[in-house]
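Accompanying notes for the structure given below.
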Amino acid sequence: MTAGRIVDADSHILEPAEMWVEYMEPEFRDRALRINRDEKGLEYLDIDGLVSAGYSGGLGSMAGVGKSLEWKAENATKPYSEQARLTPAAIDPHERIRFMDQEGVDFTFLYPTLGLGWEGECEDAALSAAYCRAYNNWMVDFCRPQRERIIPIAHVSVRDVNEGVKELERVAKLGMKGVFISPHALNGIRYGHEYYDPFWNAAQELQMPVTLHVVFNPSYVGRHLYPEDEGLGPSFFVETMLIGDFLLSFTSMMCDGVFEKFPGLRLVMVEVGCGWISHWLDEMDANYEKFGRGMPLTMKPSDYFKRQCWISAEPTENSIAAMAQHVGADRFLWGSDWPHTEGHIDPVRKVKERIASLSEDDQRKILGENALTLYRMEKPAQTVG
């Protein structure tokens with residue numbers, strides 16, 4: 001196959017725990033996110049003075065990609081900062097480029113680590129917006145030395161839609177290529193509701209793709225079955241296997257007519273796999289035909305998906321090629337989730353093996369060209385000034 005550009009559409013950095021203290025505006029600084037220790041000496045993410053239910057007691061194993069279960073158990077209680085230093089490509093942009101060259105990756109899109117753990121547990125919309133501003137400002141600074149190849153995706157909270165619109169507009173001016181939001185509607189208003197229309201409209205006007213990326217959701221389906229903190233045990237396994245938040249939000253947006261109202265909106269779903277998408281589109285199409293009278297749609301749900309949505313495959317999924325053949329190869333990306341515990345080592349080889357049955361053109365699309373088109377990166381990204 002003629003080599004194309006290789007793009008990792010979902011990877012992570014290990015942001016310094018003290019970053020929020022340094023980057024928060026003065027009026028919010030005393031409420032900044034930080035790492036503290038409990039009475040047992042275990043680290044936890046401090047969210048406005050509260051102990052995080054999800055980011056507690058296992059922070060030292062967050063960079064456990066490719067590690068054994070024994071390693072994860074031994075390192076769960078070690079300091080987050082100590083483990084971060086042992087993963088230089090996750091904390092230094094120049095080291096990240098060297099790592100990407102070793103992996104055969106041309107571009108990577110960066111998401112947070114600690115930043116995925118707070119939003120579901122912070123009910124203060126103004127504070128949530130301030131956390132996002134601090135993180136986004138730091139990410140711009142972090143990526144600046146290597147901005148042509150490591151691309152920051154902004155974190156935006158839409159708990160208050162007006163705050164979300166303001167931050168979306170601000171990060172667009174900073175040169176960021178896209179934003180991610182919680183896949184779970186944290187304010188209790190479904191994403192298909194007109195409440196969010198100003199945000200979808202702004203994303204459309206600014207040509208900023210919106211990603212649904214996993215965040216810790218303290219009320220995930222089944223949480224009540226695991227009332228005790230299990231660390232990296234059964235509850236963590238169950239949580240990583242569930243995609244209910246994505247299905248609910250994606251289906252709501254589809255069936256409530258978000259893509260009909262905003263035909264230029266681009267939605268991306270990452271770190272949730274792709275094997276389910278064909279079945280879900282088939283079911284939505286069939287139910288639209290049976291029960292869709294009165295729905296604000298002029299096309300089948302699958303047609304909107306093929307026009308406006310993208311989904312990221314995990315390198316270990318054996319169904320990538322089949323999904324691409326059924327849905328269309330130009331809708332697919334891939335992500336390594338490096339360096340997280342549930343992430344992947346040697347991801348490029350694994351993806352190539354799983355899409356080898358596709359045409360060379362389709363392989364190039366999935367490996368990188370789709371991501372470059374989605375984020376309007378046909379030419380290298382410009383350095384943020």
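Quick note on naming: the chains in the structure tokens go A, B, ... in the order shown, residues restart at 1 in each chain, and ligands are numbered from 1 in order of appearance.
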Which polymer residues have any atom within 10 Å of an atom of Val348 (chain A), counting only C-alpha atoms, with same-chain residues fewer than 2 positions away left out, as number ranges by chain?
A: 6-8, 103-105, 315, 334-336, 344-346, 350-353, 367
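Residue-level DSSP output for region 79-322 of chain A, from the backbone, shows strand (DSSP E or B) at Phe107, Thr108, Phe109, Leu110, Tyr111, Ile150, Ile151, Pro152, Ala154, His155, Val179, Phe180, Ile181, Val210, Thr211, Leu212, Leu267, Val268, Met269, Cys309, Trp310, Ile311, Ser312 and Ala313 of chain A.
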Kindly export the residues of the current selection with N, CA and C atoms, as a PDB file, in the first residue's frame.
ATOM      1  N   PHE A 107       0.613  12.782  12.987  1.00  0.00           N
ATOM      2  CA  PHE A 107      -0.115  13.775  13.772  1.00  0.00           C
ATOM      3  C   PHE A 107      -0.865  13.055  14.893  1.00  0.00           C
ATOM      4  N   THR A 108      -1.032  13.757  16.016  1.00  0.00           N
ATOM      5  CA  THR A 108      -1.863  13.198  17.076  1.00  0.00           C
ATOM      6  C   THR A 108      -2.712  14.300  17.685  1.00  0.00           C
ATOM      7  N   PHE A 109      -3.941  13.937  18.050  1.00  0.00           N
ATOM      8  CA  PHE A 109      -4.860  14.852  18.700  1.00  0.00           C
ATOM      9  C   PHE A 109      -4.879  14.530  20.194  1.00  0.00           C
ATOM     10  N   LEU A 110      -4.682  15.557  21.008  1.00  0.00           N
ATOM     11  CA  LEU A 110      -4.460  15.368  22.438  1.00  0.00           C
ATOM     12  C   LEU A 110      -5.680  15.713  23.280  1.00  0.00           C
ATOM     13  N   TYR A 111      -5.954  14.822  24.223  1.00  0.00           N
ATOM     14  CA  TYR A 111      -6.998  14.992  25.224  1.00  0.00           C
ATOM     15  C   TYR A 111      -6.346  14.891  26.601  1.00  0.00           C
ATOM     16  N   ILE A 150       1.316  18.017  17.038  1.00  0.00           N
ATOM     17  CA  ILE A 150       0.487  17.649  18.180  1.00  0.00           C
ATOM     18  C   ILE A 150      -0.609  18.703  18.327  1.00  0.00           C
ATOM     19  N   ILE A 151      -1.848  18.243  18.229  1.00  0.00           N
ATOM     20  CA  ILE A 151      -2.987  19.135  18.063  1.00  0.00           C
ATOM     21  C   ILE A 151      -3.867  19.085  19.312  1.00  0.00           C
ATOM     22  N   PRO A 152      -4.029  20.194  20.012  1.00  0.00           N
ATOM     23  CA  PRO A 152      -4.849  20.180  21.230  1.00  0.00           C
ATOM     24  C   PRO A 152      -6.341  20.249  20.906  1.00  0.00           C
ATOM     25  N   ALA A 154      -9.824  21.174  22.653  1.00  0.00           N
ATOM     26  CA  ALA A 154     -10.256  21.945  23.813  1.00  0.00           C
ATOM     27  C   ALA A 154     -11.342  21.210  24.590  1.00  0.00           C
ATOM     28  N   HIS A 155     -11.366  21.439  25.891  1.00  0.00           N
ATOM     29  CA  HIS A 155     -12.429  20.930  26.748  1.00  0.00           C
ATOM     30  C   HIS A 155     -13.429  22.059  26.971  1.00  0.00           C
ATOM     31  N   VAL A 179     -13.310  20.722  19.788  1.00  0.00           N
ATOM     32  CA  VAL A 179     -13.601  20.709  21.217  1.00  0.00           C
ATOM     33  C   VAL A 179     -14.216  19.369  21.588  1.00  0.00           C
ATOM     34  N   PHE A 180     -14.089  19.004  22.870  1.00  0.00           N
ATOM     35  CA  PHE A 180     -14.819  17.838  23.344  1.00  0.00           C
ATOM     36  C   PHE A 180     -15.722  18.221  24.497  1.00  0.00           C
ATOM     37  N   ILE A 181     -16.853  17.523  24.584  1.00  0.00           N
ATOM     38  CA  ILE A 181     -17.809  17.713  25.665  1.00  0.00           C
ATOM     39  C   ILE A 181     -18.100  16.353  26.283  1.00  0.00           C
ATOM     40  N   VAL A 210     -17.195  18.823  17.108  1.00  0.00           N
ATOM     41  CA  VAL A 210     -17.501  18.582  18.517  1.00  0.00           C
ATOM     42  C   VAL A 210     -17.358  17.086  18.774  1.00  0.00           C
ATOM     43  N   THR A 211     -16.529  16.735  19.751  1.00  0.00           N
ATOM     44  CA  THR A 211     -16.282  15.337  20.089  1.00  0.00           C
ATOM     45  C   THR A 211     -17.000  14.962  21.373  1.00  0.00           C
ATOM     46  N   LEU A 212     -17.634  13.798  21.357  1.00  0.00           N
ATOM     47  CA  LEU A 212     -18.075  13.159  22.589  1.00  0.00           C
ATOM     48  C   LEU A 212     -16.941  12.240  23.030  1.00  0.00           C
ATOM     49  N   LEU A 267     -19.929  15.953  14.224  1.00  0.00           N
ATOM     50  CA  LEU A 267     -19.862  15.249  15.504  1.00  0.00           C
ATOM     51  C   LEU A 267     -18.889  14.085  15.398  1.00  0.00           C
ATOM     52  N   VAL A 268     -18.038  13.946  16.418  1.00  0.00           N
ATOM     53  CA  VAL A 268     -17.047  12.875  16.467  1.00  0.00           C
ATOM     54  C   VAL A 268     -17.271  12.083  17.753  1.00  0.00           C
ATOM     55  N   MET A 269     -17.200  10.770  17.670  1.00  0.00           N
ATOM     56  CA  MET A 269     -17.312   9.911  18.849  1.00  0.00           C
ATOM     57  C   MET A 269     -16.038   9.094  18.965  1.00  0.00           C
ATOM     58  N   CYS A 309     -21.110  12.805  10.717  1.00  0.00           N
ATOM     59  CA  CYS A 309     -20.560  12.140  11.907  1.00  0.00           C
ATOM     60  C   CYS A 309     -19.338  11.286  11.567  1.00  0.00           C
ATOM     61  N   TRP A 310     -18.474  11.155  12.566  1.00  0.00           N
ATOM     62  CA  TRP A 310     -17.287  10.308  12.477  1.00  0.00           C
ATOM     63  C   TRP A 310     -17.186   9.490  13.751  1.00  0.00           C
ATOM     64  N   ILE A 311     -16.547   8.329  13.657  1.00  0.00           N
ATOM     65  CA  ILE A 311     -16.399   7.469  14.821  1.00  0.00           C
ATOM     66  C   ILE A 311     -14.989   6.880  14.816  1.00  0.00           C
ATOM     67  N   SER A 312     -14.413   6.757  16.010  1.00  0.00           N
ATOM     68  CA  SER A 312     -13.043   6.274  16.139  1.00  0.00           C
ATOM     69  C   SER A 312     -13.031   4.811  16.559  1.00  0.00           C
ATOM     70  N   ALA A 313     -12.244   4.028  15.861  1.00  0.00           N
ATOM     71  CA  ALA A 313     -12.098   2.602  16.173  1.00  0.00           C
ATOM     72  C   ALA A 313     -10.954   2.388  17.152  1.00  0.00           C
TER      73      ALA A 313
END
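Residues with any atom within 9 Å of region 39-43 of chain A, counting only C-alpha atoms and excluding same-chain neighbours fewer than 6 positions away, are Tyr55, Ser56, Gly57, Gly58, Leu59, Gly60, Thr77, Lys78, Pro79 and Tyr80 of chain A.
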Please produce an output containing N, CA and C atoms for each residue in the selection, written as an mmCIF file, in the first residue's frame.
data_model
loop_
_atom_site.group_PDB
_atom_site.id
_atom_site.type_symbol
_atom_site.label_atom_id
_atom_site.label_comp_id
_atom_site.auth_asym_id
_atom_site.auth_seq_id
_atom_site.Cartn_x
_atom_site.Cartn_y
_atom_site.Cartn_z
ATOM 1 N N TYR A 55 -11.747 9.545 40.654
ATOM 2 C CA TYR A 55 -10.298 9.722 40.606
ATOM 3 C C TYR A 55 -9.767 9.736 42.020
ATOM 4 N N SER A 56 -9.718 8.555 42.607
ATOM 5 C CA SER A 56 -9.314 8.439 43.996
ATOM 6 C C SER A 56 -8.626 7.094 44.226
ATOM 7 N N GLY A 57 -7.394 7.135 44.738
ATOM 8 C CA GLY A 57 -6.708 5.922 45.160
ATOM 9 C C GLY A 57 -5.957 5.169 44.092
ATOM 10 N N GLY A 58 -6.090 5.544 42.812
ATOM 11 C CA GLY A 58 -5.392 4.802 41.766
ATOM 12 C C GLY A 58 -4.716 5.701 40.759
ATOM 13 N N LEU A 59 -4.349 6.914 41.174
ATOM 14 C CA LEU A 59 -3.825 7.888 40.218
ATOM 15 C C LEU A 59 -2.459 7.498 39.670
ATOM 16 N N GLY A 60 -1.722 6.687 40.418
ATOM 17 C CA GLY A 60 -0.386 6.325 39.978
ATOM 18 C C GLY A 60 -0.335 5.343 38.829
ATOM 19 N N THR A 77 -0.985 3.033 44.063
ATOM 20 C CA THR A 77 -0.851 3.919 45.211
ATOM 21 C C THR A 77 0.357 4.845 45.112
ATOM 22 N N LYS A 78 1.114 4.752 44.043
ATOM 23 C CA LYS A 78 2.279 5.630 43.885
ATOM 24 C C LYS A 78 1.841 7.005 43.406
ATOM 25 N N PRO A 79 2.653 8.022 43.625
ATOM 26 C CA PRO A 79 2.269 9.385 43.255
ATOM 27 C C PRO A 79 2.063 9.546 41.745
ATOM 28 N N TYR A 80 1.025 10.269 41.402
ATOM 29 C CA TYR A 80 0.742 10.574 39.999
ATOM 30 C C TYR A 80 1.934 11.260 39.346
#
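With only C-alpha atoms as the atoms that count, the minimum distance from Met100 (chain A) to the choices A:Gly54, A:Leu127, A:Pro347, A:Cys274 is reached by A:Pro347.
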When you count only C-alpha atoms, which of these residues is closest to Pro339 (chain A): A:Ile189, A:Met139, A:Val51, A:Ala90?
A:Ala90
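The space separating CA of Asp245 (chain A) from CA of Pro183 (chain A) comes to 5.5 Å.
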Long-range neighbours of Tyr375 (chain A) as a ChimeraX atom specification, 9 Å cut-off, only C-alpha atoms, 3 positions minimum in chain:
/A:177-178,207-209,370-372,378
Produce a file of the selected residues containing N, CA and C atoms, as a compact mmCIF listing (two decimals), in the first residue's frame.
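What ended up in part-v5.txt:
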# COMPACT_ATOMS: atom_id res chain seq x y z
N LYS A 177 -8.39 23.21 17.05
CA LYS A 177 -9.06 22.62 15.90
C LYS A 177 -10.41 22.01 16.21
N GLY A 178 -10.71 21.73 17.47
CA GLY A 178 -11.96 21.10 17.83
C GLY A 178 -12.13 21.13 19.33
N GLN A 207 -16.98 26.12 12.23
CA GLN A 207 -16.43 24.91 11.63
C GLN A 207 -15.53 24.16 12.62
N MET A 208 -16.02 24.05 13.85
CA MET A 208 -15.29 23.35 14.90
C MET A 208 -15.95 22.01 15.17
N PRO A 209 -15.33 20.90 14.86
CA PRO A 209 -15.90 19.60 15.21
C PRO A 209 -16.09 19.46 16.72
N ASN A 370 -8.96 10.79 6.76
CA ASN A 370 -10.26 11.24 7.27
C ASN A 370 -10.10 12.27 8.37
N ALA A 371 -9.17 12.03 9.28
CA ALA A 371 -8.95 12.96 10.39
C ALA A 371 -8.47 14.31 9.89
N LEU A 372 -7.58 14.30 8.92
CA LEU A 372 -7.07 15.56 8.38
C LEU A 372 -8.17 16.34 7.67
N GLU A 378 -5.66 19.75 5.77
CA GLU A 378 -5.03 19.33 4.52
C GLU A 378 -3.62 19.89 4.42
All residues 10 Å or closer to region 281-294 of chain A, only C-alpha atoms, same chain fewer than 6 positions away omitted, as a list of chain:residue names
A:Thr251, A:Met254, A:Cys255, A:Lys300, A:Pro301, A:Ser302, A:Asp303, A:Phe305, A:Val327
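As for CA of Leu14 (chain A) and CA of Leu45 (chain A), they are spaced 13.6 Å apart.
Each of A:Arg34, A:Arg96, A:Arg85, A:Lys67 was checked against Thr341 (chain A) using only C-alpha atoms; the smallest atom-to-atom distance is that of A:Lys67.
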For region 157-174 of chain A, please output as an NGL selection string all residues within 8 Å (counting only C-alpha atoms; exclusion window: fewer than 2 positions along the same chain).
:A and (119 or 125-126 or 128-129 or 132-133 or 136 or 140 or 154-155 or 176-179 or 181-182 or 185-187 or 195-196 or 198-199 or 202-203 or 206 or 208 or 384)
